[in-house]
>>> print(open('coords_14.cif').read())   # mmCIF, C-alpha atoms
data_work
loop_
_atom_site.label_atom_id
_atom_site.label_comp_id
_atom_site.auth_asym_id
_atom_site.auth_seq_id
_atom_site.Cartn_x
_atom_site.Cartn_y
_atom_site.Cartn_z
CA MET A 1 -11.50 14.59 0.41
CA SER A 2 -12.90 13.13 -2.79
CA LYS A 3 -9.84 11.03 -3.67
CA PHE A 4 -7.00 9.35 -1.84
CA ALA A 5 -3.88 7.37 -2.75
CA VAL A 6 -2.55 3.96 -1.75
CA ILE A 7 1.19 3.43 -2.13
CA ASP A 8 3.61 0.51 -1.88
CA THR A 9 7.38 0.29 -2.20
CA GLU A 10 9.83 -2.53 -2.72
CA THR A 11 13.40 -2.17 -1.51
CA THR A 12 16.85 -3.56 -2.21
CA TRP A 13 18.93 -5.65 0.17
CA SER A 14 20.53 -2.37 1.32
CA ASP A 15 17.08 -0.85 2.04
CA ALA A 16 16.97 1.55 -0.94
CA VAL A 17 13.65 1.97 -2.74
CA MET A 18 13.77 0.18 -6.10
CA SER A 19 10.10 0.47 -7.09
CA ILE A 20 6.98 2.43 -6.20
CA GLY A 21 3.39 1.59 -7.05
CA ILE A 22 0.62 4.09 -6.43
CA VAL A 23 -3.10 4.05 -7.07
CA ILE A 24 -5.65 6.84 -6.82
CA ALA A 25 -9.13 5.91 -5.62
CA GLU A 26 -12.48 7.57 -5.12
CA SER A 27 -13.21 8.16 -1.43
CA VAL A 28 -16.79 6.88 -1.33
CA THR A 29 -16.68 3.85 -3.63
CA PHE A 30 -12.95 3.01 -3.26
CA LYS A 31 -12.94 2.57 -7.04
CA LEU A 32 -9.50 2.75 -8.65
CA ILE A 33 -9.29 5.89 -10.79
CA ASP A 34 -5.65 6.01 -11.88
CA LYS A 35 -2.32 4.33 -11.20
CA LYS A 36 1.41 4.73 -11.76
CA TYR A 37 4.37 2.42 -11.44
CA TYR A 38 7.98 3.54 -11.07
CA ILE A 39 11.17 1.50 -11.21
CA LEU A 40 14.13 3.40 -9.82
CA THR A 41 17.57 3.30 -11.40
CA PRO A 42 20.22 2.32 -10.55
CA PHE A 43 18.60 0.64 -7.52
CA LYS A 44 16.69 -1.93 -9.57
CA ASN A 45 20.08 -3.51 -10.34
CA HIS A 46 21.19 -3.71 -6.69
CA GLY A 47 19.13 -6.78 -5.90
CA GLY A 48 16.50 -7.35 -3.29
CA MET A 49 14.18 -10.00 -1.98
CA TYR A 50 11.58 -9.13 -4.65
CA THR A 51 13.73 -8.04 -7.60
CA SER A 52 12.21 -10.83 -9.66
CA ALA A 53 8.77 -9.21 -9.26
CA LEU A 54 9.72 -5.86 -10.81
CA TYR A 55 8.32 -6.89 -14.20
CA VAL A 56 6.03 -9.75 -13.08
CA ASN A 57 3.11 -10.50 -15.41
CA ASN A 58 4.77 -8.26 -18.03
CA ILE A 59 3.96 -5.14 -16.00
CA LYS A 60 5.72 -2.17 -17.54
CA PRO A 61 6.68 0.87 -15.48
CA ASP A 62 5.29 4.27 -16.38
CA LEU A 63 8.79 5.56 -15.69
CA GLU A 64 12.09 3.77 -15.20
CA CYS A 65 14.28 6.57 -13.98
CA SER A 66 16.17 8.20 -11.11
CA ARG A 67 14.48 8.60 -7.74
CA GLU A 68 14.53 12.37 -8.14
CA LYS A 69 12.65 12.21 -11.46
CA ALA A 70 10.21 9.60 -10.17
CA MET A 71 9.36 11.60 -7.05
CA LYS A 72 8.87 14.78 -9.07
CA ASP A 73 6.48 12.92 -11.39
CA LEU A 74 4.69 11.22 -8.48
CA ILE A 75 4.11 14.53 -6.70
CA GLN A 76 2.75 16.05 -9.93
CA PHE A 77 0.50 12.98 -10.30
CA LEU A 78 -0.90 13.48 -6.78
CA THR A 79 -1.34 17.22 -7.36
CA ALA A 80 -3.17 16.63 -10.66
CA HIS A 81 -5.66 14.45 -8.75
CA ASP A 82 -5.81 16.87 -5.80
CA VAL A 83 -4.73 14.09 -3.42
CA THR A 84 -3.37 14.98 0.02
CA THR A 85 -4.12 11.73 1.86
CA MET A 86 -1.93 8.64 1.54
CA PHE A 87 -2.62 5.09 2.70
CA ALA A 88 -0.29 2.11 2.92
CA TYR A 89 -0.25 -1.27 4.63
CA ASN A 90 2.29 -1.02 7.42
CA ALA A 91 2.53 2.64 6.46
CA ALA A 92 5.46 3.45 8.75
CA PHE A 93 7.71 1.47 6.39
CA ASP A 94 6.71 3.40 3.25
CA TYR A 95 6.54 6.72 5.12
CA ARG A 96 10.13 6.22 6.34
CA HIS A 97 11.32 5.35 2.81
CA LEU A 98 9.55 8.26 1.10
CA PRO A 99 10.39 11.43 3.07
CA GLU A 100 9.56 13.48 -0.05
CA LEU A 101 5.90 12.68 0.69
CA SER A 102 5.94 13.51 4.41
CA HIS A 103 3.80 16.62 3.76
CA LEU A 104 0.82 14.33 3.05
CA ASP A 105 -1.60 12.93 5.64
CA TRP A 106 -0.55 9.27 6.04
CA HIS A 107 -2.75 6.45 7.33
CA ASP A 108 -2.00 2.81 8.04
CA ILE A 109 -4.43 0.29 6.55
CA MET A 110 -3.04 -2.39 8.87
CA ARG A 111 -4.26 -0.47 11.94
CA LEU A 112 -7.81 -1.42 10.95
CA ALA A 113 -7.23 -4.64 9.01
CA ALA A 114 -5.31 -6.43 11.78
CA TYR A 115 -7.64 -5.59 14.69
CA ARG A 116 -10.68 -7.59 15.74
CA GLN A 117 -12.70 -4.47 16.54
CA HIS A 118 -12.26 -3.16 12.96
CA ASN A 119 -12.11 -6.37 10.90
CA PRO A 120 -15.30 -8.44 11.18
CA LYS A 121 -13.59 -11.43 9.52
CA ILE A 122 -11.30 -11.95 12.51
CA SER A 123 -13.02 -14.75 14.36
CA SER A 124 -13.19 -15.41 18.08
CA CYS A 125 -10.89 -18.40 17.42
CA ASP A 126 -8.12 -16.18 16.04
CA GLU A 127 -5.48 -15.46 18.67
CA CYS A 128 -5.26 -11.74 19.43
CA TYR A 129 -3.49 -9.51 21.94
CA GLY A 130 -5.52 -7.63 24.53
CA THR A 131 -5.58 -4.68 22.12
CA GLY A 132 -7.49 -6.82 19.60
CA ARG A 133 -4.57 -7.10 17.16
CA LEU A 134 -3.92 -10.48 15.62
CA LYS A 135 -0.84 -12.17 17.07
CA ARG A 136 0.05 -13.62 13.65
CA GLY A 137 -1.27 -13.68 10.12
CA TYR A 138 -1.86 -9.95 9.78
CA GLY A 139 0.25 -9.33 6.66
CA VAL A 140 -1.27 -8.32 3.34
CA GLU A 141 -1.52 -11.87 2.00
CA SER A 142 -3.21 -13.32 5.10
CA VAL A 143 -5.63 -10.43 5.52
CA TYR A 144 -6.51 -10.36 1.82
CA ARG A 145 -7.29 -14.08 1.96
CA MET A 146 -9.36 -13.64 5.11
CA LEU A 147 -11.42 -10.74 3.71
CA SER A 148 -11.87 -12.05 0.16
CA GLU A 149 -12.12 -15.75 1.08
CA ASP A 150 -9.84 -16.37 -1.90
CA TRP A 151 -7.50 -18.84 -0.23
CA ARG A 152 -5.39 -19.18 -3.41
CA TYR A 153 -4.43 -15.49 -3.46
CA CYS A 154 -0.68 -14.85 -3.35
CA GLU A 155 0.88 -11.44 -2.90
CA LEU A 156 3.15 -10.77 -5.88
CA HIS A 157 5.47 -8.31 -4.10
CA ASN A 158 5.31 -6.00 -7.09
CA ALA A 159 4.80 -2.44 -5.84
CA LEU A 160 1.93 -1.71 -8.25
CA THR A 161 -0.01 -4.95 -7.78
CA ASP A 162 0.50 -4.70 -4.02
CA ALA A 163 -0.90 -1.14 -3.95
CA ILE A 164 -3.96 -2.39 -5.90
CA ASP A 165 -4.37 -5.29 -3.45
CA GLU A 166 -4.08 -2.93 -0.46
CA LEU A 167 -6.83 -0.76 -1.94
CA GLU A 168 -8.95 -3.91 -2.28
CA ILE A 169 -8.35 -4.69 1.41
CA MET A 170 -9.73 -1.24 2.23
CA ARG A 171 -12.76 -1.86 0.02
CA LEU A 172 -13.38 -5.28 1.57
CA LEU A 173 -13.14 -3.90 5.11
CA ASN A 174 -16.06 -1.69 4.09
CA HIS A 175 -15.27 1.23 6.41
CA GLU A 176 -15.99 4.78 5.40
CA ILE A 177 -12.80 6.68 4.68
CA ASP A 178 -13.24 8.83 7.81
CA ARG A 179 -12.82 5.72 10.00
CA TYR A 180 -9.13 5.70 9.06
CA ALA A 181 -8.57 8.89 11.08
CA LEU A 182 -7.63 6.61 13.98
CA ALA A 183 -4.91 5.10 11.77
CA LYS A 184 -3.08 8.36 11.08
CA ILE A 185 0.70 8.28 11.35
CA GLY A 186 3.51 10.83 11.07
#
>>> encode(input="coords_14.cif", output="structure tokens")
Amino acid sequence: MSKFAVIDTETTWSDAVMSIGIVIAESVTFKLIDKKYYILTPFKNHGGMYTSALYVNNIKPDLECSREKAMKDLIQFLTAHDVTTMFAYNAAFDYRHLPELSHLDWHDIMRLAAYRQHNPKISSCDECYGTGRLKRGYGVESVYRMLSEDWRYCELHNALTDAIDELEIMRLLNHEIDRYALAKIG
């Protein structure tokens, strides 16, 4: 695998996907190669916890369209980059919301980021379960702050910026891509 994708979704109050952000990265350097942002109609008008972040920082979608059209374009985007491996933070959530992408190999970034044995920034003072997983503070914002030491960082809850931030978490963890085999889901 020479490239992989990181995806994030935001949902409405009724749990429908209203936006999708996806980035393509190079497998060795984790460098961002390409990105796309979709806002789904009519769901963007249904309201959700993060509706206000749909256009945050004047981010414009590549497509603002129906789910069917967005998924067709997204699949073509992945095919054009020859991507068959998908990553997400708390991947089960995005996997469940995007059954059109179930044919891909999915991996959960959180399965490495939230565990002491995989995240060297988790200190001996941090409270963990016997499995090594943090008992609290293992969301994107907390882990990003821990890894980057940027204590002012705030997750925007925009699907595109969140996908970029999740890729950065992978880069900061500094594991080779093959290490994520233990984080496979689906």
>>> resolve_selection(input="coords_14.cif", expression="the PyMOL selection byres ((chain A and resi 31) around 12)", output="list in words")
Ser2, Lys3, Phe4, Ala5, Val6, Val23, Ile24, Ala25, Glu26, Ser27, Val28, Thr29, Phe30, Leu32, Ile33, Asp34, Lys35, Ile164, Leu167, Glu168, Met170, Arg171 and Leu172 of chain A
>>> atom_distance(input="coords_14.cif", atom1="CA of Pro61 (chain A)", atom2="CA of Tyr37 (chain A)")
4.9 Å
>>> residues_around(input="coords_14.cif", residues="region 95-104 of chain A", least_positions_apart="5", cutoff="7 Å", atoms="all atoms listed in the file", output="NGL selection string")
:A and (17 or 84-86)
>>> closest_residue(input="coords_14.cif", among="A:Ile59, A:Ile39, A:Leu182, A:Ile169", to="Met146 (chain A)", atoms="all atoms listed in the file")
A:Ile169
>>> residues_around(input="coords_14.cif", residues="Tyr38 (chain A)", least_positions_apart="3", cutoff="7 Å", atoms="only C-alpha atoms", output="PDB file with C-alpha atoms, in the coordinates of the input")
ATOM      1  CA  SER A  19      10.100   0.470  -7.090  1.00  0.00           C
ATOM      2  CA  ILE A  20       6.980   2.430  -6.200  1.00  0.00           C
ATOM      3  CA  GLY A  21       3.390   1.590  -7.050  1.00  0.00           C
ATOM      4  CA  PRO A  61       6.680   0.870 -15.480  1.00  0.00           C
ATOM      5  CA  ASP A  62       5.290   4.270 -16.380  1.00  0.00           C
ATOM      6  CA  LEU A  63       8.790   5.560 -15.690  1.00  0.00           C
ATOM      7  CA  GLU A  64      12.090   3.770 -15.200  1.00  0.00           C
ATOM      8  CA  ALA A  70      10.210   9.600 -10.170  1.00  0.00           C
TER       9      ALA A  70
END
>>> axis_aligned_box(input="coords_14.cif", around="region 148-167 of chain A", padding_each_side="4 Å", output="AutoDock Vina command-line options")
--center_x -3.3 --center_y -10.0 --center_z -3.6 --size_x 25.6 --size_y 26.4 --size_z 17.3
>>> atom_distance(input="coords_14.cif", atom1="CA of Ala92 (chain A)", atom2="CA of His107 (chain A)")
8.9 Å
>>> closest_residue(input="coords_14.cif", among="A:Glu155, A:Glu68, A:Asp105, A:Asp162", to="Ile185 (chain A)", atoms="only C-alpha atoms")
A:Asp105
>>> residues_around(input="coords_14.cif", residues="Ile7 (chain A)", least_positions_apart="3", cutoff="6 Å", atoms="only C-alpha atoms", output="MDAnalysis selection string")
chainID A and resid 21:22 88 163
>>> residues_around(input="coords_14.cif", residues="Tyr153 (chain A)", least_positions_apart="6", cutoff="9 Å", atoms="all atoms listed in the file", output="list in words")
Glu141, Ser142, Tyr144 and Arg145 of chain A
>>> residues_around(input="coords_14.cif", residues="Asn158 (chain A)", least_positions_apart="6", cutoff="9 Å", atoms="only C-alpha atoms", output="PyMOL selection string")
chain A and resi 8-10+19-21+50-56
>>> residues_near_point(input="coords_14.cif", point="(19.6, 7.4, -9.4)", cutoff="9 Å", atoms="all atoms listed in the file", output="PDB file with C-alpha atoms, in the coordinates of the input")
ATOM      1  CA  LEU A  40      14.130   3.400  -9.820  1.00  0.00           C
ATOM      2  CA  THR A  41      17.570   3.300 -11.400  1.00  0.00           C
ATOM      3  CA  PRO A  42      20.220   2.320 -10.550  1.00  0.00           C
ATOM      4  CA  PHE A  43      18.600   0.640  -7.520  1.00  0.00           C
ATOM      5  CA  CYS A  65      14.280   6.570 -13.980  1.00  0.00           C
ATOM      6  CA  SER A  66      16.170   8.200 -11.110  1.00  0.00           C
ATOM      7  CA  ARG A  67      14.480   8.600  -7.740  1.00  0.00           C
ATOM      8  CA  GLU A  68      14.530  12.370  -8.140  1.00  0.00           C
ATOM      9  CA  LYS A  69      12.650  12.210 -11.460  1.00  0.00           C
TER      10      LYS A  69
END
>>> atom_distance(input="coords_14.cif", atom1="CA of Asn119 (chain A)", atom2="CA of Val140 (chain A)")
13.4 Å
>>> closest_residue(input="coords_14.cif", among="A:Met110, A:Asp73, A:Ser148, A:Ala80", to="Phe93 (chain A)", atoms="all atoms listed in the file")
A:Met110
>>> closest_residue(input="coords_14.cif", among="A:Phe87, A:Tyr115, A:Trp106, A:Phe77", to="Tyr129 (chain A)", atoms="all atoms listed in the file")
A:Tyr115
